[in-house]
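Novice: What follows is the file query.cif, containing mmCIF, C-alpha atoms and all ligand atoms:
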data_coords
#
loop_
_atom_site.label_atom_id
_atom_site.label_comp_id
_atom_site.auth_asym_id
_atom_site.auth_seq_id
_atom_site.Cartn_x
_atom_site.Cartn_y
_atom_site.Cartn_z
CA MET A 13 198.62 29.71 -105.30
CA ASN A 14 200.36 33.10 -105.52
CA HIS A 15 199.11 36.06 -103.61
CA TYR A 16 200.26 39.65 -103.50
CA GLU A 17 200.29 42.58 -101.12
CA GLU A 18 199.31 45.86 -102.77
CA HIS A 19 199.01 49.39 -101.50
CA ALA A 20 195.88 50.00 -103.54
CA GLU A 21 194.58 53.45 -104.41
CA ILE A 22 190.82 53.97 -104.03
CA VAL A 23 189.31 54.77 -107.41
CA ARG A 24 185.67 54.97 -106.29
CA GLN A 25 183.71 54.58 -103.06
CA GLU A 26 179.93 54.31 -103.66
CA GLN A 27 177.28 54.13 -100.95
CA LEU A 28 174.55 51.87 -102.39
CA THR A 29 172.23 51.63 -99.37
CA PRO A 30 172.52 53.09 -95.83
CA GLU A 31 174.84 50.17 -94.91
CA ILE A 32 176.19 48.74 -98.17
CA PHE A 33 179.19 50.16 -100.02
CA ARG A 34 181.02 49.35 -103.26
CA LEU A 35 184.72 50.08 -103.28
CA THR A 36 186.85 50.12 -106.43
CA LEU A 37 190.61 49.90 -105.95
CA LYS A 38 193.60 49.94 -108.24
CA ALA A 39 195.37 46.66 -107.49
CA PRO A 40 196.79 45.26 -110.76
CA GLU A 41 198.51 42.14 -109.39
CA ILE A 42 195.38 41.02 -107.54
CA ALA A 43 193.04 42.00 -110.40
CA SER A 44 194.97 40.07 -113.01
CA ASN A 45 195.19 36.90 -110.92
CA ALA A 46 191.79 36.75 -109.19
CA ARG A 47 189.23 34.00 -109.75
CA PRO A 48 185.53 34.11 -108.73
CA GLY A 49 185.12 33.01 -105.11
CA GLN A 50 188.52 34.26 -103.97
CA PHE A 51 188.90 36.98 -101.37
CA VAL A 52 191.25 39.68 -100.13
CA MET A 53 192.37 40.60 -96.61
CA VAL A 54 191.89 44.33 -96.18
CA GLN A 55 193.80 46.54 -93.75
CA THR A 56 190.98 48.86 -92.78
CA SER A 57 193.14 51.22 -90.78
CA PRO A 58 196.76 52.37 -91.15
CA CYS A 59 197.11 52.33 -87.33
CA TYR A 60 196.67 49.36 -85.01
CA ASP A 61 192.93 49.68 -84.42
CA PRO A 62 191.55 47.42 -85.72
CA LEU A 63 194.77 45.46 -85.80
CA LEU A 64 193.58 42.53 -87.90
CA ARG A 65 192.78 42.66 -91.58
CA ARG A 66 189.19 41.90 -92.62
CA PRO A 67 188.27 39.31 -95.28
CA LEU A 68 186.14 40.54 -98.20
CA SER A 69 185.19 38.63 -101.36
CA ILE A 70 186.19 39.95 -104.74
CA HIS A 71 182.95 41.32 -106.19
CA GLN A 72 184.50 41.74 -109.63
CA THR A 73 187.67 42.72 -111.40
CA ILE A 74 187.54 45.58 -113.89
CA GLY A 75 190.03 45.19 -116.72
CA SER A 76 193.40 43.92 -115.53
CA GLU A 77 193.98 46.68 -112.98
CA GLN A 78 190.97 47.20 -110.72
CA VAL A 79 189.35 45.14 -107.99
CA GLN A 80 185.86 45.86 -106.69
CA LEU A 81 184.56 44.92 -103.22
CA LEU A 82 180.94 44.99 -102.07
CA TYR A 83 180.67 45.25 -98.31
CA LYS A 84 178.30 45.95 -95.48
CA ALA A 85 179.49 48.32 -92.77
CA VAL A 86 178.81 46.18 -89.70
CA GLY A 87 181.61 46.93 -87.24
CA LYS A 88 184.78 48.84 -86.57
CA GLY A 89 186.78 47.73 -89.61
CA THR A 90 184.12 47.99 -92.31
CA ARG A 91 182.78 51.29 -90.88
CA ARG A 92 186.31 52.69 -91.00
CA LEU A 93 186.64 51.50 -94.61
CA ALA A 94 183.39 53.29 -95.48
CA THR A 95 184.88 56.65 -94.45
CA MET A 96 187.73 56.39 -96.96
CA ASN A 97 187.75 58.42 -100.17
CA PRO A 98 189.18 58.26 -103.70
CA GLY A 99 192.91 58.93 -103.75
CA GLN A 100 193.50 57.33 -100.33
CA LYS A 101 195.32 54.00 -100.19
CA VAL A 102 194.30 50.69 -98.65
CA ASN A 103 196.64 47.77 -98.10
CA LEU A 104 195.27 44.51 -99.55
CA THR A 105 196.52 40.93 -99.61
CA GLY A 106 195.14 38.57 -102.22
CA PRO A 107 193.77 36.90 -104.17
CA LEU A 108 193.36 34.29 -101.43
CA GLY A 109 191.76 30.88 -101.15
CA HIS A 110 190.15 28.58 -103.71
CA GLY A 111 187.30 29.83 -105.86
CA PHE A 112 184.39 28.10 -107.61
CA ASP A 113 185.10 25.29 -110.05
CA LEU A 114 183.32 25.67 -113.39
CA THR A 115 185.12 22.90 -115.23
CA GLY A 116 182.82 20.72 -117.30
CA LYS A 117 179.56 22.00 -115.78
CA GLN A 118 176.39 21.73 -117.86
CA ALA A 119 174.02 24.06 -116.07
CA ILE A 120 174.80 26.33 -113.14
CA CYS A 121 172.54 27.93 -110.58
CA LEU A 122 173.90 30.66 -108.30
CA VAL A 123 172.11 31.09 -104.96
CA GLY A 124 173.07 34.14 -102.90
CA GLY A 125 171.74 35.60 -99.68
CA GLY A 126 172.60 38.97 -98.15
CA MET A 127 176.24 39.91 -98.63
CA GLY A 128 176.83 36.39 -99.95
CA ILE A 129 175.73 37.84 -103.28
CA ALA A 130 179.06 39.72 -103.48
CA PRO A 131 181.23 36.92 -104.98
CA LEU A 132 178.41 35.55 -107.16
CA TYR A 133 178.43 38.59 -109.43
CA PHE A 134 182.06 37.88 -110.41
CA LEU A 135 181.10 34.24 -110.94
CA ALA A 136 178.09 35.12 -113.14
CA ARG A 137 180.29 37.38 -115.25
CA GLU A 138 182.85 34.60 -115.70
CA ILE A 139 180.13 32.09 -116.70
CA LEU A 140 178.73 34.50 -119.27
CA ARG A 141 182.21 35.42 -120.58
CA THR A 142 183.14 31.82 -121.28
CA SER A 143 179.58 30.83 -122.32
CA THR A 144 180.08 27.52 -120.57
CA PRO A 145 177.97 26.13 -119.14
CA PRO A 146 175.27 27.40 -121.50
CA LYS A 147 172.62 27.62 -118.83
CA CYS A 148 172.84 29.97 -115.83
CA VAL A 149 170.06 30.75 -113.36
CA VAL A 150 170.56 33.23 -110.50
CA LEU A 151 168.48 33.16 -107.29
CA LEU A 152 168.98 36.03 -104.85
CA GLY A 153 167.60 36.54 -101.36
CA ALA A 154 167.50 39.45 -98.93
CA ARG A 155 165.39 40.72 -96.05
CA THR A 156 163.82 43.50 -98.15
CA ALA A 157 163.97 44.73 -101.76
CA ASP A 158 165.96 47.80 -100.64
CA GLU A 159 168.77 45.59 -99.37
CA PHE A 160 169.56 44.45 -102.92
CA GLY A 161 170.50 48.01 -103.89
CA PRO A 162 171.43 48.08 -107.59
CA LEU A 163 172.30 44.36 -107.77
CA PRO A 164 169.17 43.17 -109.63
CA ARG A 165 169.92 45.66 -112.41
CA ASP A 166 173.65 44.80 -112.34
CA PHE A 167 172.95 41.10 -112.96
CA MET A 168 170.53 41.96 -115.77
CA GLU A 169 173.03 44.32 -117.40
CA ILE A 170 175.71 41.66 -117.71
CA GLY A 171 173.22 39.42 -119.53
CA VAL A 172 171.83 37.07 -116.88
CA THR A 173 168.36 36.48 -118.29
CA GLU A 174 167.01 34.28 -115.54
CA THR A 175 167.29 36.06 -112.18
CA TYR A 176 164.67 35.42 -109.49
CA PHE A 177 164.31 37.05 -106.10
CA ALA A 178 163.07 36.17 -102.63
CA THR A 179 162.58 38.60 -99.76
CA ASP A 180 161.62 38.00 -96.14
CA ASP A 181 158.93 40.72 -96.32
CA GLY A 182 157.70 39.94 -99.86
CA SER A 183 158.76 43.36 -101.20
CA LEU A 184 160.43 41.74 -104.24
CA GLY A 185 159.80 38.34 -105.80
CA HIS A 186 158.95 35.29 -103.70
CA HIS A 187 157.78 36.02 -100.13
CA GLY A 188 160.00 33.62 -98.20
CA PHE A 189 163.43 32.01 -98.33
CA VAL A 190 165.61 31.92 -101.42
CA ALA A 191 166.22 28.15 -101.10
CA GLU A 192 162.48 27.66 -101.74
CA LEU A 193 163.04 28.94 -105.30
CA LEU A 194 165.24 26.00 -106.27
CA PRO A 195 162.47 23.48 -107.09
CA GLN A 196 160.46 26.22 -108.85
CA HIS A 197 163.18 27.24 -111.30
CA LEU A 198 165.53 24.29 -111.85
CA GLU A 199 164.16 21.70 -114.24
CA PRO A 200 164.95 18.23 -112.87
CA GLY A 201 166.18 17.07 -116.32
CA HIS A 202 169.40 19.09 -116.20
CA HIS A 203 172.51 18.05 -114.32
CA TRP A 204 172.68 21.19 -112.17
CA THR A 205 175.66 22.52 -110.29
CA VAL A 206 174.51 24.88 -107.56
CA CYS A 207 177.00 27.48 -106.25
CA THR A 208 175.90 29.21 -103.08
CA CYS A 209 177.09 31.87 -100.64
CA GLY A 210 175.22 33.50 -97.79
CA PRO A 211 174.06 32.95 -94.22
CA HIS A 212 174.71 29.45 -92.84
CA PRO A 213 171.00 28.42 -92.45
CA MET A 214 170.33 29.45 -96.07
CA MET A 215 173.25 27.40 -97.37
CA LYS A 216 172.24 24.46 -95.21
CA ALA A 217 168.76 24.53 -96.78
CA VAL A 218 170.28 24.79 -100.29
CA VAL A 219 172.62 21.86 -99.60
CA SER A 220 169.73 19.75 -98.31
CA ARG A 221 167.64 20.41 -101.46
CA CYS A 222 170.61 19.64 -103.72
CA ARG A 223 171.23 16.38 -101.88
CA LYS A 224 167.61 15.30 -102.41
CA GLN A 225 167.80 16.07 -106.15
CA GLY A 226 171.30 14.64 -106.63
CA TRP A 227 172.64 18.01 -107.76
CA GLU A 228 176.27 18.99 -107.22
CA CYS A 229 176.66 21.86 -104.75
CA GLN A 230 179.59 24.19 -104.07
CA VAL A 231 179.43 26.38 -100.95
CA SER A 232 181.42 29.48 -100.11
CA LEU A 233 181.86 29.57 -96.33
CA GLU A 234 182.51 32.42 -93.93
CA THR A 235 184.31 32.19 -90.60
CA MET A 236 186.13 34.71 -88.49
CA MET A 237 189.62 35.09 -89.98
CA ALA A 238 192.62 36.57 -88.27
CA CYS A 239 195.28 36.04 -90.96
CA GLY A 240 193.69 34.69 -94.17
CA ILE A 241 196.92 32.91 -95.10
CA SER A 242 196.82 29.69 -93.08
CA ALA A 243 199.01 30.93 -90.23
CA CYS A 244 196.68 31.35 -87.23
CA LEU A 245 194.42 28.27 -87.64
CA GLY A 246 191.51 30.40 -86.44
CA CYS A 247 189.24 29.52 -89.36
CA ALA A 248 189.08 25.77 -88.65
CA ILE A 249 185.89 23.85 -89.49
CA PRO A 250 185.09 20.14 -89.11
CA ARG A 251 185.10 17.73 -92.02
CA ALA A 252 181.85 16.03 -93.05
CA ASP A 253 182.63 12.79 -91.18
CA LEU A 254 184.00 14.73 -88.16
CA SER A 255 187.28 12.82 -88.52
CA GLY A 256 190.85 13.75 -89.31
CA PRO A 257 192.40 17.19 -89.23
CA TYR A 258 190.14 20.23 -89.46
CA LEU A 259 189.68 22.09 -92.73
CA HIS A 260 190.73 25.74 -92.86
CA VAL A 261 188.40 28.09 -94.67
CA CYS A 262 191.16 30.50 -95.77
CA LYS A 263 193.39 27.82 -97.30
CA ASP A 264 191.10 24.88 -98.20
CA GLY A 265 188.15 27.16 -99.09
CA PRO A 266 186.37 29.46 -98.88
CA VAL A 267 184.65 27.40 -101.60
CA PHE A 268 184.12 23.72 -100.76
CA LYS A 269 182.11 20.87 -102.23
CA ALA A 270 179.09 20.69 -99.92
CA GLU A 271 179.80 17.06 -99.06
CA GLU A 272 183.31 17.90 -97.77
CA VAL A 273 182.09 19.83 -94.72
CA ALA A 274 179.89 19.11 -91.71
CA TRP A 275 176.44 20.80 -91.70
CA LEU A 276 175.87 21.04 -87.96
C1 LIG A 301 185.98 34.67 -97.00
C2 LIG A 301 185.09 35.79 -96.52
C3 LIG A 301 184.54 36.66 -97.44
C4 LIG A 301 183.73 37.70 -97.01
N1 LIG A 301 183.20 38.53 -97.95
C5 LIG A 301 182.43 39.57 -97.56
C6 LIG A 301 181.93 40.47 -98.55
O1 LIG A 301 182.18 40.35 -99.75
N2 LIG A 301 181.18 41.50 -98.11
C7 LIG A 301 180.89 41.70 -96.77
O2 LIG A 301 180.18 42.65 -96.43
N3 LIG A 301 181.35 40.85 -95.82
C8 LIG A 301 182.13 39.80 -96.20
N4 LIG A 301 182.64 38.95 -95.22
C9 LIG A 301 182.36 39.24 -93.80
C10 LIG A 301 183.32 40.34 -93.32
O3 LIG A 301 184.62 39.81 -93.28
C11 LIG A 301 182.94 40.85 -91.94
O4 LIG A 301 181.69 41.49 -91.99
C12 LIG A 301 183.98 41.83 -91.45
O5 LIG A 301 185.19 41.17 -91.17
C13 LIG A 301 183.49 42.56 -90.21
O6 LIG A 301 184.54 43.37 -89.75
P1 LIG A 301 184.24 44.64 -88.84
O7 LIG A 301 185.53 45.06 -88.24
O8 LIG A 301 183.49 45.67 -89.59
O9 LIG A 301 183.26 44.07 -87.77
P2 LIG A 301 183.61 43.48 -86.34
O10 LIG A 301 183.65 44.63 -85.39
O11 LIG A 301 184.80 42.57 -86.41
O12 LIG A 301 182.32 42.64 -86.13
C14 LIG A 301 181.00 43.22 -86.27
C15 LIG A 301 179.99 42.12 -86.34
O13 LIG A 301 180.19 41.31 -87.53
C16 LIG A 301 180.41 39.95 -87.16
N5 LIG A 301 181.46 39.38 -88.04
C17 LIG A 301 182.76 39.71 -88.05
N6 LIG A 301 183.43 38.97 -88.97
C18 LIG A 301 182.51 38.15 -89.53
C19 LIG A 301 182.59 37.14 -90.53
N7 LIG A 301 183.72 36.76 -91.13
N8 LIG A 301 181.43 36.52 -90.87
C20 LIG A 301 180.28 36.84 -90.27
N9 LIG A 301 180.16 37.79 -89.32
C21 LIG A 301 181.25 38.42 -88.95
C22 LIG A 301 180.88 39.98 -85.72
O14 LIG A 301 180.56 38.79 -85.03
C23 LIG A 301 180.08 41.15 -85.16
O15 LIG A 301 178.79 40.79 -84.81
C24 LIG A 301 183.45 37.89 -95.62
C25 LIG A 301 184.00 37.00 -94.69
C26 LIG A 301 184.81 35.96 -95.13
C27 LIG A 301 185.40 35.02 -94.13
S1 LIG A 302 192.43 32.74 -91.01
FE1 LIG A 302 194.35 32.24 -90.11
S2 LIG A 302 194.52 30.12 -90.65
FE2 LIG A 302 192.74 30.73 -91.69
#
Can you give me the file's structure in the form of structure tokens?
Specialist:
Amino acid sequence: MNHYEEHAEIVRQEQLTPEIFRLTLKAPEIASNARPGQFVMVQTSPCYDPLLRRPLSIHQTIGSEQVQLLYKAVGKGTRRLATMNPGQKVNLTGPLGHGFDLTGKQAICLVGGGMGIAPLYFLAREILRTSTPPKCVVLLGARTADEFGPLPRDFMEIGVTETYFATDDGSLGHHGFVAELLPQHLEPGHHWTVCTCGPHPMMKAVVSRCRKQGWECQVSLETMMACGISACLGCAIPRADLSGPYLHVCKDGPVFKAEEVAWL
């Protein structure tokens, strides 16, 4: 799959919560080739500190020219990114990896937790744009209602009619884990495909519920990544049967069929 390196101009930098930012960049080659679930490697500093690029999912593309990223400032690289302003340039490589597969799906449920919600917005938009599959339910989880920022409204505005929430403190929606919403909102009659991204324990719980119901499940995995282009082998994960060569999240993923990988 082709990827590009672009010296992308910042169009907008929005602070959505004390820690979460939304960055819009002009990157036409990446924008016109990106698929939901793919990511970019971002050079967060023009100098050598931090040296390595940071992986961020594509939150959405806007027209054929702009790419939007939704990120949490957690460390050196993302905090540095958060200080950058419109007009400044950021070097990006992408779109990278394999995205979600929507081919022939009848009913899709998106389950996102924390910053794992970032790629699911692009996916929801794509599902609604193509109108296939006809049924789309979105389940979102966070620690508190504030952590969602404007995302609940964003999903509603693109036309997702069935969005349900779970928070650890009960400040929005279900008081508990987002995986607990699956049996409440997915009718057993449909042949569901569940696409999920978020913290590992959340995805493990989602995978386990899908297995019990016989639903297909696609997972978007996160690992530390030094290169993002299959050169360093630092993103290796074991296969489901723990045999054979390791899978690499940057090249073979980040989206996998749940049954391909080991849930240790
Ligand atoms: C394919 C992929 C897509 C991603 N998409 C997004 C996204 O859309 N939005 C977003 O906010 N984050 C996303 N991440 C996580 C993001 O890459 C890390 O938060 C970022 O690299 C941290 O860099 P830093 O220099 O700010 O922090 P560092 O100083 O490198 O680390 C700060 C803290 O974050 C932890 N951390 C670093 N990298 C990761 C990682 N890959 N996964 C989990 N924890 C990590 C470190 O262990 C440390 O505790 C994604 C990761 C991958 C692999
Ligand atoms: S991040 Fe280097 S091989 Fe995957």
Novice: Around all listed atoms of segment 43-60 of chain A, padded 8 Å per side, what centre and edge lengths does the axis-aligned box have in Å to one decimal, as AutoDock Vina command-line options?
Specialist:
--center_x 191.1 --center_y 42.7 --center_z -99.0 --size_x 28.0 --size_y 35.4 --size_z 44.0
Novice: Please write out the residues within 6 Å of ligand LIG 301 (chain A) as a PyMOL selection string, counting all atoms listed in the file.
Specialist: chain A and resi 51+66-69+82-91+127+130+234-237+266
Novice: Go through the chains and note each residue within 12 Å of ligand LIG 302 (chain A), using all atoms listed in the file, then give the set as a tab-separated table (two decimals) with C-alpha atoms, in the frame of the given file.
Specialist:
chain	number	residue	atom	x	y	z
A	51	PHE	CA	188.90	36.98	-101.37
A	52	VAL	CA	191.25	39.68	-100.13
A	53	MET	CA	192.37	40.60	-96.61
A	64	LEU	CA	193.58	42.53	-87.90
A	65	ARG	CA	192.78	42.66	-91.58
A	66	ARG	CA	189.19	41.90	-92.62
A	67	PRO	CA	188.27	39.31	-95.28
A	108	LEU	CA	193.36	34.29	-101.43
A	109	GLY	CA	191.76	30.88	-101.15
A	233	LEU	CA	181.86	29.57	-96.33
A	234	GLU	CA	182.51	32.42	-93.93
A	235	THR	CA	184.31	32.19	-90.60
A	236	MET	CA	186.13	34.71	-88.49
A	237	MET	CA	189.62	35.09	-89.98
A	238	ALA	CA	192.62	36.57	-88.27
A	239	CYS	CA	195.28	36.04	-90.96
A	240	GLY	CA	193.69	34.69	-94.17
A	241	ILE	CA	196.92	32.91	-95.10
A	242	SER	CA	196.82	29.69	-93.08
A	243	ALA	CA	199.01	30.93	-90.23
A	244	CYS	CA	196.68	31.35	-87.23
A	245	LEU	CA	194.42	28.27	-87.64
A	246	GLY	CA	191.51	30.40	-86.44
A	247	CYS	CA	189.24	29.52	-89.36
A	248	ALA	CA	189.08	25.77	-88.65
A	249	ILE	CA	185.89	23.85	-89.49
A	258	TYR	CA	190.14	20.23	-89.46
A	259	LEU	CA	189.68	22.09	-92.73
A	260	HIS	CA	190.73	25.74	-92.86
A	261	VAL	CA	188.40	28.09	-94.67
A	262	CYS	CA	191.16	30.50	-95.77
A	263	LYS	CA	193.39	27.82	-97.30
A	264	ASP	CA	191.10	24.88	-98.20
A	265	GLY	CA	188.15	27.16	-99.09
A	266	PRO	CA	186.37	29.46	-98.88
Novice: Enter the distance from atom CA of Arg24 of chain A to atom CA of Ala39 of chain A, in Å, rounded to one decimal.
Specialist: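 Distance between the two atoms: 12.8 Å.
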Novice: Enumerate, in order of chain and increasing residue number, the residues of segment 16-133 of chain A with an atom no farther than 9 Å from segment 217-231 of chain A, each with its shortest atom pair and distance in Å to one decimal, counting all atoms listed in the file, as JSON lines.
Specialist:
{"residue": "A:Phe112", "atom": "CA", "partner": "A:Gln230", "partner_atom": "CA", "distance": 7.1}
{"residue": "A:Asp113", "atom": "CA", "partner": "A:Gln230", "partner_atom": "CA", "distance": 8.2}
{"residue": "A:Val123", "atom": "CA", "partner": "A:Val218", "partner_atom": "CA", "distance": 8.1}
Novice: Take atom CA of His110 of chain A and atom CA of Ala46 of chain A and report the distance between them in Å, one decimal.
Specialist: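 Value for the atom CA of His110 of chain A-atom CA of Ala46 of chain A distance: 10.0 Å.
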Novice: Expressed in Å to a single decimal, how great is the separation between atom CA of Ser183 of chain A and atom CA of Ile120 of chain A?
Specialist: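 If I compute the distance from atom CA of Ser183 of chain A to atom CA of Ile120 of chain A, I get 26.3 Å.
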Novice: Nearest to Met215 of chain A among A:His202, A:Ser57, A:Phe268, A:Gly124, with distances taken over only C-alpha atoms: which residue is it?
Specialist: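 Closest to Met215 of chain A, using only C-alpha atoms: A:Gly124.
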Novice: Of the residues A:Pro200, A:Gly106, A:Gly161, A:Pro257, which is the one nearest to Met13 of chain A, using only C-alpha atoms?
Specialist: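 For Met13 of chain A, the nearest of the given residues is A:Gly106.
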Novice: For Thr142 of chain A, which of A:Ile129, A:Val23, A:Leu114, A:Cys121 is the closest residue, counting all atoms listed in the file?
Specialist: A:Leu114
Novice: Which residue out of A:Gly125, A:Pro250, A:Gly75, A:Pro48 has the minimum interatomic distance to Thr36 of chain A when all atoms listed in the file are used?
Specialist: A:Gly75
Novice: Taking only C-alpha atoms into account, which of A:Pro30, A:Phe167, A:Gln80, A:His203 comes nearest Gly116 of chain A?
Specialist: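 The answer is A:His203, which sits nearest to Gly116 of chain A.
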Novice: Considering only C-alpha atoms, can you say which of A:Thr29, A:Thr115, A:Thr179, A:Thr173 comes closest to Ala154 of chain A?
Specialist: A:Thr179
